[in-house]
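S.K.: Sharing a structure, written as C-alpha cells. Questions coming.
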There are 2 protein chains.
Amino acid sequence: MRDVAALAGVSLKTVSRVVNREPNVSAPIVAKVTRAVERLNYRHNVGASNLRSRRTGVIGALLQDVSNSFSAGLLRALEDVARQRRHVVLTASLDEEVERERQLVGDLVGRRVDGLILMPATRDHSYLAPDLRAGLRVVFVDREPHGIVTDSVLVDNVTGAFDATRHLLGQGHRRILHLGDLDTIETAHQRQLGYEAALRAAGMRLDPDLVVTGQRTSEMGEEALLRVFDSPSPPTAVFASRNTVAIGAARALRRLGLSHQIALVGFDDFPLADLLEPGLTVVRQDVGLIGRMAADILYARIDGDTSPAERHLVPPKLVLRGSGEIPPRA
Amino acid sequence: MRDVAALAGVSLKTVSRVVNREPNVSAPIVAKVTRAVERLNYRHNVGASNLRSRRTGVIGALLQDVSNSFSAGLLRALEDVARQRRHVVLTASLDEEVERERQLVGDLVGRRVDGLILMPATRDHSYLAPDLRAGLRVVFVDREPHGIVTDSVLVDNVTGAFDATRHLLGQGHRRILHLGDLDTIETAHQRQLGYEAALRAAGMRLDPDLVVTGQRTSEMGEEALLRVFDSPSPPTAVFASRNTVAIGAARALRRLGLSHQIALVGFDDFPLADLLEPGLTVVRQDVGLIGRMAADILYARIDGDTSPAERHLVPPKLVLRGSGEIPPRA
DNA sequence: CGTGGTAATGACACCGTTGTCTTGACAGAT
DNA sequence: ATCTGTCAAGACAACGGTGTCATTACCACG
C-alpha cells in the first residue's frame, strides 16, 4: 500500500479511501490510485484491515458433516446469504465429536468471525457463555442450545416422527421397527419420543425389541435391519430416523427381497429418494429454508438486533412416495 | 493480551510464547499465564498474529457447488487433511460463473489464504499469474489450468467416457444417446471426446441427433431424454455425462416405463446409485482420493516443495450395477 | 576462577491497515 | 470583504500480536 501511495503521489490514507470506495475522493485521484494499484498488482490485505476495523466479513459454520446432504445443503444456503454481503464462510465438520466442537469454536472465535452457525455435537453449551457476553453472535441449527440463551432454528422432530409413525399405524401396521441414531443426539432422542407418542396415541405399548438405537451409518442400518428380520415375528414396517440409516434399511430390504412387502419411512429427505423402487416415503426438512432462516437471524443480530433470542421451529413434512404406503402382510 | 501479561506479571512476549506453546518457558510461568488467560477469558487474536507472522492457517476451496455430492465430498476430504494441521477451510461455490470466480479468488488472496484449491469456472487462468509470482499456491482440481503453470489433480475424463461408451457398444448397442453438460465446461468436452472416440474405435459414425449437450440439472436431463425418446427410432442406450443428468435420465426412463429396457450409464457416482432399480452403472471418480491428493500437494508446496508443477491423473472406474448391462431390444 | 554455552525473559520495532483529527481550499451567504 | 460550511487530502496513532535481538542467570568445564 505504501508503494501504491508513492506511485500515485498520495498519502496512505487516500489509497485506503480509494480501495474501500469511500466517498469524498476526487475523480482524478481515484483514477491515479486505481492505475497504481493495477501496475503494482497490489492486493489489499484484508487481515490487516480487519485488525483495525474490528470486523472480518467471515461467518463460521460448524456442521456435522459437510459431505452429508443435510449439512451440505445447509452450508450452501448459508453461503448464498453470506455472499450477498460479500461475506465468506469458514466451515468445518464436527462428526458428533465433543472435543472437536470445543476446539473449533475456540479457533473460529480466535479468528474473530462476525458470527457463528452451530449445529452442536455437545449437549452443554455453557462453555460459550463468556464469548456470548463478549459479543459473539451464535445461531444454533437443528439442535437446541443448552445452558445458554441464543437464537435457534430447529425442526420439529417430535411431530415429524409422530406423523411418520401415525402414518404407518394408519395403514394398519402394528409392529413398527424404529431404527434410531445415537440416543445421546438430541434430534434422535426427539424422534424416538415422537415414535413413542404415536404408539401411545394409538393405544399401543412400546415393544423394546422394536427399537434399535445407536445407528449412524448406512452400513449399520443395513445390518441392524437384517438382524431384526432374522426372527420368527419380524416387523411389518420400519421407521428409520436418519437419511443414512434409511438408505441402509432400503438396501437391506432389497437384499431380502422385501422392498415391496415391508413399509419404510425415513426421516430427512435426500436426492433420489423418489427414484428408489418403491419411492421412499420420508419426513422432509426444508434445508434451504432452515439455512436461510439461520443466516438471516445471524445477520439481523450482526446488524444490531437486540431483541430477545428466539426459538424458531420449522415444521417437517411427510412426503408420500410409495414405500410408506405398503400395507401390512395379511 | 496486555491484561493477561499484567495479571501474570510477565511481559507481552512471554504471554505470546505461552499461548503459542513455544519451548523455553519455565513451568511455573506457563502455569501463571495459563491461569491468567482463563481468569480473563482471553481469546488469542489469530488475525493480529497472522499479520505479523505472515501465514493464516487457512486454505481456500473454490468449488462448483458445495451442495452437490462431488464438491461436498471433495470439501470434506480437504477439510480432513487441513485439520491435521489445525488449519481451517474457507469455501465458496462458483456455479460455473466466471465473474464469481474472479471475485472470490481476489477475496481469498486478499485474505492471504496459505493456499488455494480451485475447481475453476473459467477457461483462461492467466489472471492468476501475478499472484502466483507473488507466491500464491494453487492446486487445480477436476479441470486443467490454462495460461498458467500449476499443479492439478484431474480425472481422466476421456478414458472414462470412452470406457463407458465402449461398454455399451460391447452389449451390442448401436444407437447410444449422449446427454452432455455445457460444452464450454472442460470436463464435459472431454467426456464428449471420449464418447466420440469409442464410436470411432468401433468403426461407427457420430450421429448428431444422438448428442444433446448443455444439460446441467436433473430436470433438464429428464426433459431432454423425454424429447429424444419421442421419436420414431429412439436410442437403445444412454450415456449421461454428469451425476445430476444421470438422475434426470433415470427419472425419465422410469416415467416411460423403460428402466429395464434402455441401458443407462452415468458419469460420476453418487450415494444410492446402487439402490435404483436397476442399479445405476456409473463411471466412478474417487472424490476422497482426489481431495486428499490435492490437499497433500498443496501442503507440500506450502512446506516449500519447489519441484516443477505436475498434472496428476486419477483413473476413473466403471462400476457395473445393472443399468448399463441391459442389452438392446431385439 | 575465568570462559563459553544455553535457558529464560524482556524491550522494541514492525506487520498493513484505518479511525480520528487537522489543515487548506474553495463556494456561497451576508 | 468576511464568515461559515463542506470537501479533499494528509498526519499520526492505534489495532493485537510476533520476530529479532539483548540481557541476565545459571551451569559445566578446563
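Residues in the C-alpha cells are named by chain (A, B, ... in the order shown) and by number from 1 within that chain; ligands are numbered from 1 in the order shown.
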At a cut-off of 9 Å, using only C-alpha atoms (C1' of nucleotides), what residues contact Leu253 of chain A? Leave out same-chain residues fewer than 4 positions from it and give the result as a list in words.
M.R.: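 Once the adjacent positions are removed, what remains is Glu222, Leu225, Leu226, Gly248, Ala249, Gly257, Leu258, Ser259, His260, Gln261 and Ile262 of chain A.
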S.K.: Starting from chain C, keep only residues with some atom at most 10 Å from an atom of chain A, counting only C-alpha atoms (C1' of nucleotides), and report them as a ChimeraX atom specification.
M.R.: /C:15-19
S.K.: Report the distance between atom CA of Arg86 of chain B and atom CA of Val58 of chain B in Å, rounded to one decimal place.
M.R.: 9.2 Å
S.K.: Between atom CA of Val211 of chain A and atom CA of Gly180 of chain A, what distance in Å does the model show, to one decimal?
M.R.: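 Pair atom CA of Val211 of chain A / atom CA of Gly180 of chain A returns 7.3 Å.
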S.K.: Using only C-alpha atoms and a cut-off of 7 Å, which residues of chain B sit close to chain A? Please list them as a VMD selection string.
M.R.: chain B and resid 41 43 to 48 51 66 to 67 69 72 to 73 76 79 89 to 92 110 to 111 130 251 275 to 277
S.K.: Enumerate, as a ChimeraX atom specification, the complete set of residues in segment 15-259 of chain A that a backbone-based DSSP assignment places in strand (DSSP E).
M.R.: /A:58-63,88-93,115-118,138-141,151-155,176-179,211-212,237-240
S.K.: Could those selected residues go to a file with N, CA, C and O atoms, as a short mmCIF file (atom, residue, chain, number, x, y, z; two decimals), in the first residue's frame?
M.R.:
data_model
loop_
_atom_site.label_atom_id
_atom_site.label_comp_id
_atom_site.auth_asym_id
_atom_site.auth_seq_id
_atom_site.Cartn_x
_atom_site.Cartn_y
_atom_site.Cartn_z
N VAL A 58 -16.43 -12.63 7.86
CA VAL A 58 -16.42 -14.09 7.82
C VAL A 58 -17.46 -14.61 8.80
O VAL A 58 -17.56 -14.11 9.92
N ILE A 59 -18.25 -15.56 8.36
CA ILE A 59 -19.07 -16.26 9.36
C ILE A 59 -18.61 -17.71 9.40
O ILE A 59 -18.14 -18.27 8.40
N GLY A 60 -18.70 -18.27 10.56
CA GLY A 60 -18.28 -19.66 10.74
C GLY A 60 -19.49 -20.57 10.71
O GLY A 60 -20.57 -20.19 11.13
N ALA A 61 -19.31 -21.76 10.18
CA ALA A 61 -20.40 -22.74 10.16
C ALA A 61 -19.83 -24.07 10.63
O ALA A 61 -19.05 -24.69 9.92
N LEU A 62 -20.23 -24.47 11.81
CA LEU A 62 -19.79 -25.76 12.32
C LEU A 62 -20.95 -26.74 12.17
O LEU A 62 -21.95 -26.64 12.88
N LEU A 63 -20.81 -27.65 11.24
CA LEU A 63 -21.88 -28.59 10.92
C LEU A 63 -21.42 -30.00 11.26
O LEU A 63 -20.28 -30.21 11.66
N VAL A 88 -17.90 -14.31 3.63
CA VAL A 88 -17.35 -15.58 3.25
C VAL A 88 -17.56 -16.56 4.41
O VAL A 88 -17.74 -16.15 5.54
N VAL A 89 -17.61 -17.85 4.11
CA VAL A 89 -17.96 -18.83 5.15
C VAL A 89 -16.80 -19.77 5.45
O VAL A 89 -16.20 -20.34 4.55
N LEU A 90 -16.52 -19.91 6.72
CA LEU A 90 -15.49 -20.83 7.20
C LEU A 90 -16.22 -22.04 7.75
O LEU A 90 -17.01 -21.91 8.67
N THR A 91 -15.97 -23.21 7.18
CA THR A 91 -16.73 -24.39 7.63
C THR A 91 -15.86 -25.46 8.22
O THR A 91 -14.71 -25.62 7.83
N ALA A 92 -16.46 -26.26 9.07
CA ALA A 92 -15.79 -27.48 9.50
C ALA A 92 -16.84 -28.50 9.93
O ALA A 92 -17.96 -28.14 10.27
N SER A 93 -16.45 -29.75 9.90
CA SER A 93 -17.34 -30.85 10.27
C SER A 93 -17.03 -31.30 11.68
O SER A 93 -15.86 -31.44 12.06
N GLY A 115 -19.88 -13.97 13.10
CA GLY A 115 -20.99 -14.72 13.66
C GLY A 115 -20.75 -16.20 13.44
O GLY A 115 -19.88 -16.58 12.66
N LEU A 116 -21.54 -17.00 14.14
CA LEU A 116 -21.30 -18.44 14.11
C LEU A 116 -22.62 -19.18 13.96
O LEU A 116 -23.58 -18.90 14.68
N ILE A 117 -22.65 -20.10 13.03
CA ILE A 117 -23.79 -21.01 12.91
C ILE A 117 -23.32 -22.34 13.48
O ILE A 117 -22.30 -22.87 13.04
N LEU A 118 -24.04 -22.83 14.44
CA LEU A 118 -23.56 -24.02 15.13
C LEU A 118 -24.61 -25.13 15.17
O LEU A 118 -25.73 -24.93 15.63
N VAL A 138 -24.25 -16.18 17.93
CA VAL A 138 -24.35 -17.58 17.56
C VAL A 138 -25.80 -17.93 17.27
O VAL A 138 -26.70 -17.52 18.00
N VAL A 139 -26.02 -18.64 16.19
CA VAL A 139 -27.35 -19.19 15.92
C VAL A 139 -27.20 -20.70 15.86
O VAL A 139 -26.39 -21.23 15.09
N PHE A 140 -27.98 -21.38 16.69
CA PHE A 140 -27.96 -22.84 16.68
C PHE A 140 -28.86 -23.36 15.57
O PHE A 140 -29.92 -22.78 15.30
N VAL A 141 -28.44 -24.43 14.97
CA VAL A 141 -29.25 -25.02 13.92
C VAL A 141 -29.46 -26.49 14.23
O VAL A 141 -28.53 -27.18 14.65
N ASP A 151 -30.29 -17.63 19.76
CA ASP A 151 -31.28 -17.99 18.74
C ASP A 151 -31.07 -19.41 18.24
O ASP A 151 -29.96 -19.92 18.22
N SER A 152 -32.17 -20.01 17.79
CA SER A 152 -32.04 -21.33 17.21
C SER A 152 -33.09 -21.54 16.12
O SER A 152 -34.16 -20.94 16.15
N VAL A 153 -32.74 -22.35 15.17
CA VAL A 153 -33.68 -22.75 14.12
C VAL A 153 -33.72 -24.27 14.14
O VAL A 153 -32.72 -24.92 13.88
N LEU A 154 -34.88 -24.79 14.48
CA LEU A 154 -34.98 -26.22 14.73
C LEU A 154 -36.09 -26.84 13.89
O LEU A 154 -37.04 -26.16 13.51
N VAL A 155 -35.93 -28.11 13.68
CA VAL A 155 -37.02 -28.84 13.04
C VAL A 155 -37.84 -29.46 14.15
O VAL A 155 -37.30 -29.88 15.17
N ILE A 176 -43.91 -51.97 14.26
CA ILE A 176 -43.11 -50.97 13.53
C ILE A 176 -41.72 -50.85 14.15
O ILE A 176 -41.60 -50.45 15.32
N LEU A 177 -40.73 -51.21 13.39
CA LEU A 177 -39.35 -51.11 13.87
C LEU A 177 -38.88 -49.66 13.81
O LEU A 177 -39.07 -48.98 12.80
N HIS A 178 -38.26 -49.22 14.89
CA HIS A 178 -37.64 -47.90 14.85
C HIS A 178 -36.12 -48.04 14.86
O HIS A 178 -35.55 -48.53 15.83
N LEU A 179 -35.51 -47.63 13.77
CA LEU A 179 -34.05 -47.62 13.70
C LEU A 179 -33.58 -46.21 14.05
O LEU A 179 -33.73 -45.30 13.24
N VAL A 211 -37.12 -51.39 18.95
CA VAL A 211 -36.38 -50.13 18.95
C VAL A 211 -34.89 -50.46 18.95
O VAL A 211 -34.39 -51.11 19.86
N VAL A 212 -34.21 -50.06 17.91
CA VAL A 212 -32.77 -50.28 17.85
C VAL A 212 -32.13 -48.92 17.67
O VAL A 212 -32.29 -48.28 16.63
N ALA A 237 -43.23 -52.98 9.32
CA ALA A 237 -42.90 -51.62 8.85
C ALA A 237 -41.66 -51.13 9.58
O ALA A 237 -41.33 -51.61 10.66
N VAL A 238 -40.99 -50.18 8.96
CA VAL A 238 -39.76 -49.64 9.53
C VAL A 238 -39.79 -48.12 9.49
O VAL A 238 -40.17 -47.53 8.47
N PHE A 239 -39.41 -47.51 10.59
CA PHE A 239 -39.24 -46.06 10.63
C PHE A 239 -37.76 -45.80 10.91
O PHE A 239 -37.26 -46.11 11.99
N ALA A 240 -37.07 -45.27 9.91
CA ALA A 240 -35.63 -45.04 10.04
C ALA A 240 -35.41 -43.56 10.30
O ALA A 240 -35.80 -42.72 9.49
#
S.K.: Env of Leu78 of chain B: 7 Å cut, atoms = only C-alpha atoms (C1' of nucleotides), seq-sep filter 4 positions within chain, self excluded. Answer as a PyMOL selection string.
M.R.: chain B and resi 74+82+291-292+295
S.K.: Generate a file of the selected residues that holds N, CA, C and O atoms, formatted as a PDB file, in the first residue's frame.
M.R.:
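Final output, saved to result23.pdb:
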ATOM      1  N   LEU B  74     -15.411 -33.633  -1.964  1.00  0.00           N
ATOM      2  CA  LEU B  74     -14.085 -33.040  -2.130  1.00  0.00           C
ATOM      3  C   LEU B  74     -13.766 -32.153  -0.934  1.00  0.00           C
ATOM      4  O   LEU B  74     -12.695 -32.247  -0.320  1.00  0.00           O
ATOM      5  N   ALA B  82      -6.642 -30.708   6.156  1.00  0.00           N
ATOM      6  CA  ALA B  82      -6.348 -29.420   6.787  1.00  0.00           C
ATOM      7  C   ALA B  82      -6.396 -29.529   8.308  1.00  0.00           C
ATOM      8  O   ALA B  82      -5.558 -28.965   9.005  1.00  0.00           O
ATOM      9  N   GLY B 291      -9.527 -35.382  -3.433  1.00  0.00           N
ATOM     10  CA  GLY B 291      -9.410 -34.334  -2.429  1.00  0.00           C
ATOM     11  C   GLY B 291      -8.129 -34.470  -1.626  1.00  0.00           C
ATOM     12  O   GLY B 291      -7.413 -33.497  -1.391  1.00  0.00           O
ATOM     13  N   ARG B 292      -7.845 -35.697  -1.205  1.00  0.00           N
ATOM     14  CA  ARG B 292      -6.648 -35.907  -0.406  1.00  0.00           C
ATOM     15  C   ARG B 292      -5.381 -35.581  -1.204  1.00  0.00           C
ATOM     16  O   ARG B 292      -4.469 -34.932  -0.707  1.00  0.00           O
ATOM     17  N   ALA B 295      -5.008 -31.806  -1.562  1.00  0.00           N
ATOM     18  CA  ALA B 295      -4.585 -31.182  -0.315  1.00  0.00           C
ATOM     19  C   ALA B 295      -3.122 -31.521  -0.010  1.00  0.00           C
ATOM     20  O   ALA B 295      -2.344 -30.652   0.403  1.00  0.00           O
TER      21      ALA B 295
END
S.K.: Please provide the set of residues having any atom within 12 Å of Thr150 of chain A, restricted to only C-alpha atoms (C1' of nucleotides), with same-chain residues fewer than 2 positions apart removed, written as a short mmCIF file (atom, residue, chain, number, x, y, z; two decimals) with C-alpha atoms, in the first residue's frame.
M.R.:
data_model
loop_
_atom_site.label_atom_id
_atom_site.label_comp_id
_atom_site.auth_asym_id
_atom_site.auth_seq_id
_atom_site.Cartn_x
_atom_site.Cartn_y
_atom_site.Cartn_z
CA LEU A 116 -21.30 -18.44 14.11
CA ILE A 117 -23.79 -21.01 12.91
CA LEU A 118 -23.56 -24.02 15.13
CA HIS A 125 -23.12 -25.18 25.76
CA SER A 126 -22.38 -23.14 28.83
CA LEU A 128 -19.94 -20.43 25.20
CA ALA A 129 -21.23 -18.03 27.83
CA ASP A 131 -17.88 -15.45 24.42
CA LEU A 132 -21.55 -14.57 24.17
CA ARG A 133 -21.07 -11.97 26.87
CA GLY A 135 -20.43 -10.11 21.93
CA LEU A 136 -20.20 -13.30 19.91
CA ARG A 137 -23.33 -13.97 17.87
CA VAL A 138 -24.35 -17.58 17.56
CA VAL A 139 -27.35 -19.19 15.92
CA PHE A 140 -27.96 -22.84 16.68
CA VAL A 141 -29.25 -25.02 13.92
CA ARG A 143 -30.30 -28.72 17.85
CA GLU A 144 -31.21 -26.66 20.87
CA PRO A 145 -28.82 -24.59 22.91
CA HIS A 146 -28.46 -25.81 26.50
CA GLY A 147 -27.17 -23.74 29.33
CA ILE A 148 -27.10 -20.53 27.33
CA SER A 152 -32.04 -21.33 17.21
CA VAL A 153 -33.68 -22.75 14.12
CA ALA A 294 -30.44 -19.17 10.38
CA ILE A 297 -31.26 -14.24 12.01
CA LEU A 298 -27.50 -14.17 12.40
CA ARG A 301 -28.01 -9.81 15.15
CA THR A 306 -31.03 -6.94 20.36
CA SER A 307 -34.50 -8.39 20.78
CA PRO A 308 -34.72 -11.50 22.97
CA ALA A 309 -33.37 -14.71 21.49
CA GLU A 310 -35.95 -16.81 19.72
CA ARG A 311 -36.51 -20.46 19.07
CA HIS A 312 -37.76 -20.95 15.54
#
S.K.: Identify, on the basis of only C-alpha atoms (C1' of nucleotides), every residue whose closest approach to segment 319-330 of chain A does not exceed 6 Å; exclude the query and any residue fewer than 3 positions from it along the same chain; express the result as a list in words.
M.R.: Gln171, His173, Thr236, Ala263, Leu264, Val265, Pro278, Gly279, Leu280, Thr281 and Val282 of chain A
S.K.: Any idea which chain D residues end up within 12 Å of chain A if we count only C-alpha atoms (C1' of nucleotides), as a list of chain:residue names please?
M.R.: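 Therefore, the residues near the partner are D:DT6, D:DC7, D:DA8, D:DA9, D:DG10, D:DA11, D:DC12, D:DA13, D:DA14, D:DC15, D:DG16, D:DG17.
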S.K.: Taking 6 positions as the minimum chain separation for residues in the same chain, which residues sit within 10 Å of segment 20-30 of chain D when counting only C-alpha atoms (C1' of nucleotides)? Answer as a PyMOL selection string.
M.R.: chain C and resi 3-13
S.K.: Using only C-alpha atoms (C1' of nucleotides), which residues sit within 8 Å of Ala121 of chain B once same-chain residues fewer than 3 positions away are excluded, as a PyMOL selection string?
M.R.: chain B and resi 64+94-98+101+185
S.K.: Limited to N, CA, C and O atoms, could you put the picked residues into a file as a compact mmCIF listing (two decimals), in the first residue's frame?
M.R.:
# COMPACT_ATOMS: atom_id res chain seq x y z
N GLN B 64 -17.51 -26.01 -7.36
CA GLN B 64 -18.65 -25.57 -8.17
C GLN B 64 -19.91 -25.39 -7.36
O GLN B 64 -20.61 -24.40 -7.48
N LEU B 94 -18.94 -21.74 -7.00
CA LEU B 94 -18.76 -20.89 -8.18
C LEU B 94 -19.95 -20.97 -9.14
O LEU B 94 -20.19 -20.04 -9.91
N ASP B 95 -20.65 -22.09 -9.13
CA ASP B 95 -21.80 -22.26 -10.02
C ASP B 95 -21.46 -21.97 -11.48
O ASP B 95 -22.29 -21.43 -12.21
N GLU B 96 -20.26 -22.30 -11.87
CA GLU B 96 -19.82 -22.09 -13.25
C GLU B 96 -19.83 -20.62 -13.66
O GLU B 96 -19.84 -20.30 -14.84
N GLU B 97 -19.84 -19.72 -12.71
CA GLU B 97 -19.90 -18.31 -13.08
C GLU B 97 -18.51 -17.69 -13.10
O GLU B 97 -17.83 -17.60 -12.07
N VAL B 98 -18.14 -17.22 -14.26
CA VAL B 98 -16.81 -16.68 -14.49
C VAL B 98 -16.50 -15.49 -13.57
O VAL B 98 -15.45 -15.44 -12.93
N GLU B 101 -15.84 -16.42 -9.97
CA GLU B 101 -14.51 -16.99 -9.73
C GLU B 101 -13.48 -15.88 -9.52
O GLU B 101 -12.73 -15.88 -8.55
N ILE B 185 -17.70 -26.40 -20.63
CA ILE B 185 -17.05 -26.94 -19.45
C ILE B 185 -16.08 -28.02 -19.88
O ILE B 185 -16.44 -28.96 -20.57
